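Undergrad: The structure file protein_1.cif (mmCIF, C-alpha atoms) is provided below.
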data_coords
#
loop_
_atom_site.label_atom_id
_atom_site.label_comp_id
_atom_site.auth_asym_id
_atom_site.auth_seq_id
_atom_site.Cartn_x
_atom_site.Cartn_y
_atom_site.Cartn_z
CA MET A 1 -20.65 22.24 -17.28
CA ILE A 2 -17.26 22.71 -18.94
CA MET A 3 -14.72 20.10 -17.91
CA GLN A 4 -11.26 21.50 -17.18
CA ASN A 5 -8.52 19.91 -19.26
CA TYR A 6 -5.39 19.07 -17.28
CA PRO A 7 -2.24 18.53 -19.38
CA SER A 8 -0.40 15.27 -18.74
CA ARG A 9 2.63 15.62 -21.01
CA PRO A 10 6.01 14.75 -19.42
CA SER A 11 7.18 18.36 -19.90
CA GLN A 12 4.14 19.53 -17.95
CA ILE A 13 5.45 17.93 -14.74
CA VAL A 14 8.64 19.99 -14.73
CA LYS A 15 6.77 23.08 -15.87
CA ASN A 16 4.27 22.75 -13.02
CA TRP A 17 7.05 22.39 -10.47
CA TRP A 18 8.81 25.50 -11.73
CA ILE A 19 5.68 27.66 -12.00
CA HIS A 20 4.45 26.65 -8.55
CA ARG A 21 7.82 26.38 -6.81
CA GLU A 22 6.88 28.93 -4.13
CA LEU A 23 3.62 27.11 -3.47
CA ILE A 24 5.46 23.80 -3.20
CA LYS A 25 7.87 25.41 -0.75
CA GLU A 26 5.06 26.69 1.47
CA PHE A 27 3.12 23.43 1.46
CA SER A 28 6.30 21.45 2.18
CA LYS A 29 7.04 23.72 5.12
CA ARG A 30 3.51 23.18 6.38
CA GLU A 31 3.87 19.39 6.09
CA ILE A 32 7.11 19.51 8.08
CA LEU A 33 5.77 21.76 10.84
CA ILE A 34 2.32 20.20 11.20
CA ARG A 35 3.74 16.97 12.62
CA TYR A 36 5.04 18.69 15.74
CA ARG A 37 2.47 21.47 16.03
CA GLY A 38 1.70 22.16 19.69
CA SER A 39 4.69 20.19 21.02
CA VAL A 40 7.19 21.90 23.30
CA LEU A 41 10.32 20.71 21.49
CA GLY A 42 8.90 21.15 17.99
CA LEU A 43 11.35 20.25 15.22
CA MET A 44 13.86 18.94 17.77
CA TRP A 45 11.79 15.74 17.79
CA SER A 46 13.06 15.16 14.25
CA PHE A 47 16.52 14.71 15.79
CA PHE A 48 15.50 12.89 18.95
CA ASN A 49 13.32 10.22 17.29
CA PRO A 50 15.98 8.69 14.97
CA LEU A 51 18.68 9.13 17.65
CA PHE A 52 16.53 7.28 20.17
CA MET A 53 15.66 4.50 17.71
CA LEU A 54 19.29 4.04 16.65
CA SER A 55 20.31 3.76 20.31
CA ILE A 56 17.62 1.15 20.96
CA TYR A 57 18.54 -0.89 17.88
CA THR A 58 22.22 -0.79 18.81
CA PHE A 59 21.56 -2.02 22.34
CA ILE A 60 18.95 -4.67 21.49
CA PHE A 61 20.74 -6.26 18.54
CA SER A 62 24.35 -5.95 19.67
CA GLU A 63 23.96 -6.57 23.40
CA VAL A 64 20.77 -8.57 23.86
CA PHE A 65 20.60 -10.70 20.69
CA LYS A 66 24.35 -10.59 19.95
CA ALA A 67 23.26 -10.34 16.32
CA ARG A 68 25.70 -10.32 13.43
CA TRP A 69 24.95 -9.50 9.79
CA ASN A 70 27.03 -12.41 8.52
CA GLU A 71 29.32 -15.14 9.77
CA ILE A 72 32.53 -13.12 9.47
CA SER A 73 31.19 -9.95 11.09
CA GLN A 74 32.90 -9.04 14.37
CA THR A 75 31.48 -5.54 14.84
CA LYS A 76 28.86 -5.37 17.58
CA THR A 77 27.13 -2.33 16.10
CA GLU A 78 27.16 -3.52 12.49
CA PHE A 79 23.68 -5.03 12.67
CA ALA A 80 22.15 -1.85 14.09
CA LEU A 81 23.75 0.42 11.49
CA LEU A 82 22.75 -1.84 8.59
CA LEU A 83 19.26 -2.19 10.00
CA PHE A 84 18.95 1.58 10.29
CA ILE A 85 19.82 2.02 6.60
CA GLY A 86 16.94 -0.29 5.71
CA LEU A 87 14.61 1.69 7.92
CA LEU A 88 15.76 4.97 6.34
CA VAL A 89 14.71 3.65 2.94
CA PHE A 90 11.44 2.17 4.23
CA ASN A 91 10.40 5.26 6.21
CA LEU A 92 10.64 7.38 3.08
CA ILE A 93 8.01 5.37 1.23
CA SER A 94 5.98 4.77 4.38
CA GLU A 95 5.62 8.48 5.21
CA CYS A 96 4.49 9.29 1.66
CA LEU A 97 2.11 6.41 1.00
CA ILE A 98 0.40 6.57 4.38
CA ARG A 99 -0.52 10.22 3.69
CA ALA A 100 -1.20 10.00 -0.05
CA PRO A 101 -4.74 8.48 0.02
CA THR A 102 -6.07 11.32 2.21
CA ILE A 103 -4.09 14.27 0.86
CA ILE A 104 -6.91 15.36 -1.48
CA THR A 105 -9.83 14.59 0.83
CA SER A 106 -8.15 16.56 3.63
CA ASN A 107 -7.78 19.59 1.33
CA ILE A 108 -11.29 19.76 -0.14
CA ASN A 109 -11.24 23.55 -0.26
CA TYR A 110 -8.47 23.42 -2.88
CA VAL A 111 -10.40 20.97 -5.07
CA LYS A 112 -13.07 23.56 -5.76
CA ARG A 113 -10.48 25.97 -7.11
CA VAL A 114 -10.09 25.19 -10.79
CA ILE A 115 -6.66 26.76 -11.08
CA PHE A 116 -5.14 25.19 -7.96
CA PRO A 117 -2.38 22.65 -8.85
CA LEU A 118 -3.54 19.66 -6.81
CA ASP A 119 -0.69 17.56 -8.19
CA ILE A 120 1.82 19.43 -6.01
CA LEU A 121 0.28 18.11 -2.77
CA PRO A 122 1.98 14.66 -3.00
CA VAL A 123 5.20 16.49 -3.94
CA ALA A 124 5.00 18.49 -0.69
CA ILE A 125 4.60 15.25 1.26
CA MET A 126 7.68 13.83 -0.47
CA ILE A 127 9.78 16.90 0.36
CA ALA A 128 8.71 16.69 4.01
CA ALA A 129 9.64 12.98 4.07
CA LEU A 130 13.02 13.80 2.52
CA PHE A 131 13.59 16.45 5.17
CA HIS A 132 13.06 13.94 7.97
CA GLY A 133 15.07 11.36 6.05
CA LEU A 134 18.04 13.75 5.81
CA ILE A 135 17.95 14.29 9.55
CA SER A 136 17.95 10.52 10.11
CA LEU A 137 20.83 10.21 7.64
CA PHE A 138 22.75 12.87 9.58
CA ILE A 139 22.21 10.89 12.80
CA TRP A 140 23.42 7.72 11.05
CA VAL A 141 26.58 9.45 9.79
CA ILE A 142 27.35 10.74 13.28
CA ALA A 143 26.80 7.29 14.78
CA TYR A 144 28.96 5.65 12.10
CA SER A 145 31.72 8.20 12.71
CA ILE A 146 31.69 7.58 16.47
CA LEU A 147 31.33 3.80 16.40
CA ILE A 148 33.43 2.89 13.35
CA GLY A 149 35.22 5.88 11.84
CA MET A 150 34.95 8.27 8.93
CA PRO A 151 32.11 7.36 6.55
CA GLN A 152 33.04 5.78 3.23
CA VAL A 153 33.51 8.23 0.37
CA THR A 154 31.11 6.07 -1.65
CA ILE A 155 28.27 7.57 0.38
CA LEU A 156 28.38 10.33 -2.25
CA TYR A 157 26.68 7.84 -4.60
CA LEU A 158 23.60 7.83 -2.36
CA PRO A 159 21.69 10.49 -4.38
CA LEU A 160 22.18 8.33 -7.47
CA VAL A 161 20.52 5.43 -5.66
CA ILE A 162 17.73 7.43 -4.03
CA THR A 163 16.65 9.57 -7.01
CA PRO A 164 14.93 6.71 -8.92
CA TYR A 165 13.31 5.68 -5.64
CA ILE A 166 11.89 9.18 -5.20
CA LEU A 167 10.38 9.07 -8.70
CA PHE A 168 8.84 5.67 -7.92
CA ILE A 169 7.27 6.93 -4.69
CA LEU A 170 5.89 10.06 -6.36
CA GLY A 171 4.26 8.00 -9.08
CA LEU A 172 2.59 5.76 -6.50
CA SER A 173 1.59 8.79 -4.42
CA TRP A 174 -0.27 10.38 -7.34
CA ILE A 175 -2.10 7.13 -8.00
CA LEU A 176 -3.06 6.64 -4.35
CA ALA A 177 -4.04 10.30 -3.93
CA SER A 178 -6.50 9.86 -6.78
CA LEU A 179 -7.82 6.49 -5.65
CA GLY A 180 -8.29 7.81 -2.12
CA VAL A 181 -10.90 10.25 -3.41
CA PHE A 182 -13.07 7.55 -4.94
CA LEU A 183 -12.30 4.63 -2.60
CA ARG A 184 -12.01 5.58 1.07
CA ASP A 185 -10.82 2.07 1.96
CA VAL A 186 -7.49 2.74 0.24
CA SER A 187 -6.02 4.21 3.45
CA GLN A 188 -6.75 1.04 5.41
CA PHE A 189 -5.39 -1.15 2.64
CA ILE A 190 -2.16 0.85 2.35
CA GLY A 191 -1.61 0.71 6.11
CA MET A 192 -1.90 -3.06 5.98
CA MET A 193 0.35 -3.40 2.92
CA LEU A 194 3.05 -1.22 4.46
CA ASN A 195 3.20 -3.60 7.42
CA VAL A 196 3.67 -6.47 4.97
CA LEU A 197 6.27 -4.50 3.01
CA LEU A 198 8.26 -3.91 6.20
CA PHE A 199 8.86 -7.63 6.58
CA ILE A 200 9.24 -8.69 2.95
CA SER A 201 11.98 -6.09 2.44
CA PRO A 202 15.55 -6.96 3.54
CA ILE A 203 15.51 -4.53 6.45
CA PHE A 204 16.03 -6.89 9.38
CA TYR A 205 18.02 -9.42 7.38
CA PRO A 206 20.29 -9.60 4.30
CA ILE A 207 18.72 -10.91 1.10
CA THR A 208 21.19 -13.82 1.28
CA ALA A 209 19.35 -15.06 4.38
CA ILE A 210 16.32 -15.90 2.21
CA PRO A 211 16.28 -19.50 0.91
CA GLU A 212 17.37 -19.40 -2.72
CA LYS A 213 14.15 -20.91 -4.05
CA TYR A 214 12.16 -17.98 -2.58
CA ARG A 215 14.73 -15.26 -3.15
CA PHE A 216 13.44 -14.20 -6.58
CA ILE A 217 10.09 -13.25 -4.99
CA PHE A 218 11.81 -10.84 -2.62
CA GLN A 219 13.93 -9.46 -5.45
CA LEU A 220 10.76 -8.38 -7.28
CA ASN A 221 10.27 -5.89 -4.46
CA PRO A 222 11.79 -2.54 -5.61
CA LEU A 223 12.81 -1.78 -2.03
CA THR A 224 15.17 -4.76 -2.07
CA LEU A 225 17.35 -3.17 -4.72
CA VAL A 226 17.27 0.29 -3.12
CA ILE A 227 18.13 -1.03 0.35
CA ASP A 228 20.95 -3.25 -0.94
CA GLN A 229 22.44 -0.45 -3.04
CA ALA A 230 22.14 2.04 -0.17
CA ARG A 231 24.02 -0.36 2.10
CA LEU A 232 26.69 -0.85 -0.53
CA VAL A 233 27.48 2.84 -0.81
CA MET A 234 26.86 3.85 2.80
CA TYR A 235 28.33 0.98 4.80
CA TRP A 236 30.31 -1.44 2.67
CA GLY A 237 32.22 1.26 0.76
CA SER A 238 31.42 -0.13 -2.69
CA GLN A 239 30.15 1.48 -5.86
CA PRO A 240 26.51 0.82 -6.70
CA ASP A 241 25.55 -1.66 -9.38
CA PHE A 242 25.10 0.95 -12.11
CA LEU A 243 23.15 -1.39 -14.40
CA SER A 244 20.68 -2.25 -11.65
CA VAL A 245 20.29 1.43 -10.78
CA LEU A 246 19.65 2.22 -14.46
CA VAL A 247 16.97 -0.48 -14.66
CA LEU A 248 15.40 0.89 -11.48
CA PHE A 249 15.50 4.41 -12.92
CA LEU A 250 13.70 3.38 -16.13
CA PHE A 251 11.10 1.42 -14.16
CA SER A 252 10.60 4.28 -11.69
CA LEU A 253 10.35 6.82 -14.50
CA SER A 254 7.52 4.84 -16.07
CA ILE A 255 5.65 4.63 -12.73
CA TYR A 256 6.30 8.33 -12.17
CA TYR A 257 4.84 9.33 -15.52
CA LEU A 258 1.92 6.88 -15.38
CA GLY A 259 1.08 8.14 -11.90
CA PHE A 260 1.04 11.75 -13.09
CA VAL A 261 -1.10 10.90 -16.14
CA TRP A 262 -3.54 8.91 -13.97
CA PHE A 263 -3.85 11.80 -11.52
CA GLN A 264 -4.42 14.40 -14.23
CA LYS A 265 -7.02 12.26 -16.01
CA THR A 266 -9.00 11.39 -12.87
CA ARG A 267 -8.87 14.75 -11.09
CA LYS A 268 -11.72 15.96 -13.31
CA GLY A 269 -14.06 13.90 -11.13
CA PHE A 270 -12.74 15.00 -7.74
CA SER A 271 -15.18 17.87 -7.30
CA ASP A 272 -18.14 15.64 -8.18
CA VAL A 273 -17.22 13.13 -5.47
CA LEU A 274 -16.17 15.65 -2.82
#
Here is the file; what I need is its structure written in the form of C-alpha cells.

TA:
Amino acid sequence: MIMQNYPSRPSQIVKNWWIHRELIKEFSKREILIRYRGSVLGLMWSFFNPLFMLSIYTFIFSEVFKARWNEISQTKTEFALLLFIGLLVFNLISECLIRAPTIITSNINYVKRVIFPLDILPVAIMIAALFHGLISLFIWVIAYSILIGMPQVTILYLPLVITPYILFILGLSWILASLGVFLRDVSQFIGMMLNVLLFISPIFYPITAIPEKYRFIFQLNPLTLVIDQARLVMYWGSQPDFLSVLVLFLFSLSIYYLGFVWFQKTRKGFSDVL
C-alpha cells in the first residue's frame, strides 16, 4: 500500500485555503445551518439566543445581585456587558473545541477519499463559530449603544486582538481532530476541561479579584489575555497592550503551525482506524 504524503510546510496552509476556498465556503455554510435544521425560526435563533442571555445577565447581575465590576463603578449594566464580552471570547473556543474531536469520525466518507482536504473541516467549524460570534457582537454593540451610548472607537482594534486567538484555536482544533480519531475519550475530556476553563478564565470576575499569590496561574491561561484586551478595546475605550498582543500572536502562530503539522503527519493513519 502506498502511503499518501501530505505536505506540512507553512506555505501549504495558505495554499490549501486558497485552492479549496469554495469547499470551505460550502462546509462553513453547512456548519452554520445544521445547528438549526428543522427549527421553525432557523437562523433567527442566532439573534435570539445572545439577546436573551444578555437580557438575563443584565437583570440578574444588576438588579438581583447589585453586582459591580469594581469599587468605583456606578453603572448598573456594567457587570453584564463586561461579562458578556468574556462569554463572547469563551464561546468561540468552546464551539470549536467541542466539535473538533468528532469532526473526522463524523465524516468518515471523506477519509476514504485520498484527495479530500480533511484539514479544512476544523476551518469550517471556526468560520461557523465566528459567524455566531459576530451576531453576538452585534447584539452587544446594540445593547451598549442603548444602555450607555455610542461604542468606543477603540473597538476597531478588536480584530487585532482576536486574530491571534483564532490561530490558537485552529491549531488546537487540528490536534484534537486528529486525537479524536485514535482516542474516542477525547470528546469527554474536552467537555470536562471546557467547564474548568469557564471558571479559571476572568469571565465572571476581573483578574484583579484573584489573590495576587495565585494570579500568575490564571495569567498563564491564554484566554485571560484575550478577554482582558477585548474588554479594553470594547468597553474601556483603551488601546490594546501591543506587546502582549504580539507575544500572543507569536505563541498562537506556533500552536497553529504545530497543530497543522501534527494533523498532516497523523492523517495517514485515519483510514486504518476508521

Undergrad: Applying the PyMOL selection byres ((chain A and resi 191) around 12) to the file I just gave you, which residues come out? Please list them as a list in words.

TA: Ile93, Ser94, Glu95, Cys96, Leu97, Ile98, Arg99, Ala100, Pro101, Asp185, Val186, Ser187, Gln188, Phe189, Ile190, Met192, Met193, Leu194, Asn195, Val196, Leu197 and Leu198 of chain A

Undergrad: Using the chain letters and numbers from the file, give me the residues hit by the PyMOL selection byres ((chain A and resi 232) around 12), as a list in words.

TA: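 With the PyMOL selection byres ((chain A and resi 232) around 12) on this model, the match is Leu82, Ile85, Gly86, Gln152, Val153, Thr154, Ile155, Leu156, Tyr157, Leu158, Val161, Pro206, Leu225, Val226, Ile227, Asp228, Gln229, Ala230, Arg231, Val233, Met234, Tyr235, Trp236, Gly237, Ser238, Gln239, Pro240, Asp241 and Phe242 of chain A.
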
Undergrad: Please enumerate the residues selected by the PyMOL selection byres ((chain A and resi 87) around 10) when evaluated against the supplied file, formatted as a PyMOL selection string.

TA: chain A and resi 81-86+88-92+94+133+136+198+201-204+227

Undergrad: Nearest residue to Ile120 of chain A out of A:Leu54, A:Ala177, A:Ile207, A:Ala80, using all atoms listed in the file?

TA: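 Among A:Leu54, A:Ala177, A:Ile207, A:Ala80, it is A:Ala177 that comes nearest to Ile120 of chain A.
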
Undergrad: Is it possible to get the residues within 12 Å of (5.0, 20.4, 10.3) (coordinates as in the file, counting all atoms listed in the file) written as an MDAnalysis selection string?

TA: chainID A and resid 26:39 42:46 124:125 127:129 131:132

Undergrad: Of the residues A:Thr105, A:Ile166, A:Ile146, A:Tyr214, which is the one nearest to Leu130 of chain A, using only C-alpha atoms?

TA: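 Selected residue with least distance to Leu130 of chain A: A:Ile166.
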
Undergrad: When distances are computed from all atoms listed in the file, which of A:Leu147, A:Ile217, A:Val123, A:Leu250 shows the smallest separation from Thr58 of chain A?

TA: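 Between A:Leu147, A:Ile217, A:Val123, A:Leu250, the residue approaching Thr58 of chain A most closely is A:Leu147.
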
Undergrad: In Å, with one decimal, what is the gap from atom CA of Phe138 of chain A to atom CA of Ser173 of chain A?

TA: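 Distance reported for this atom pair: 25.7 Å.
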
Undergrad: What is the atom CA of Asn221 of chain A to atom CA of Leu253 of chain A distance in Å?

TA: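 Interatomic distance here is 16.2 Å.
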
Undergrad: Between A:Ile103, A:Ile255, A:Phe65, A:Trp17, which residue has the minimum interatomic distance to Leu172 of chain A, considering only C-alpha atoms?

TA: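 Of A:Ile103, A:Ile255, A:Phe65, A:Trp17, the one nearest Leu172 of chain A is A:Ile255, counting only C-alpha atoms.
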
Undergrad: Closest to Ala143 of chain A among A:Pro50, A:Gly269, A:Pro222, A:Pro122, using all atoms listed in the file?

TA: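 Result for the nearest residue to Ala143 of chain A: A:Pro50.
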
Undergrad: Between A:Ala209, A:Met126, A:Leu246, A:Val273, which residue has the minimum interatomic distance to Ile169 of chain A, considering only C-alpha atoms?

TA: A:Met126

Undergrad: Report, in Å with one decimal, the straight-line distance from atom CA of Gln219 of chain A to atom CA of Pro159 of chain A.

TA: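 Rounded to one decimal, the two atoms are 21.4 Å apart.
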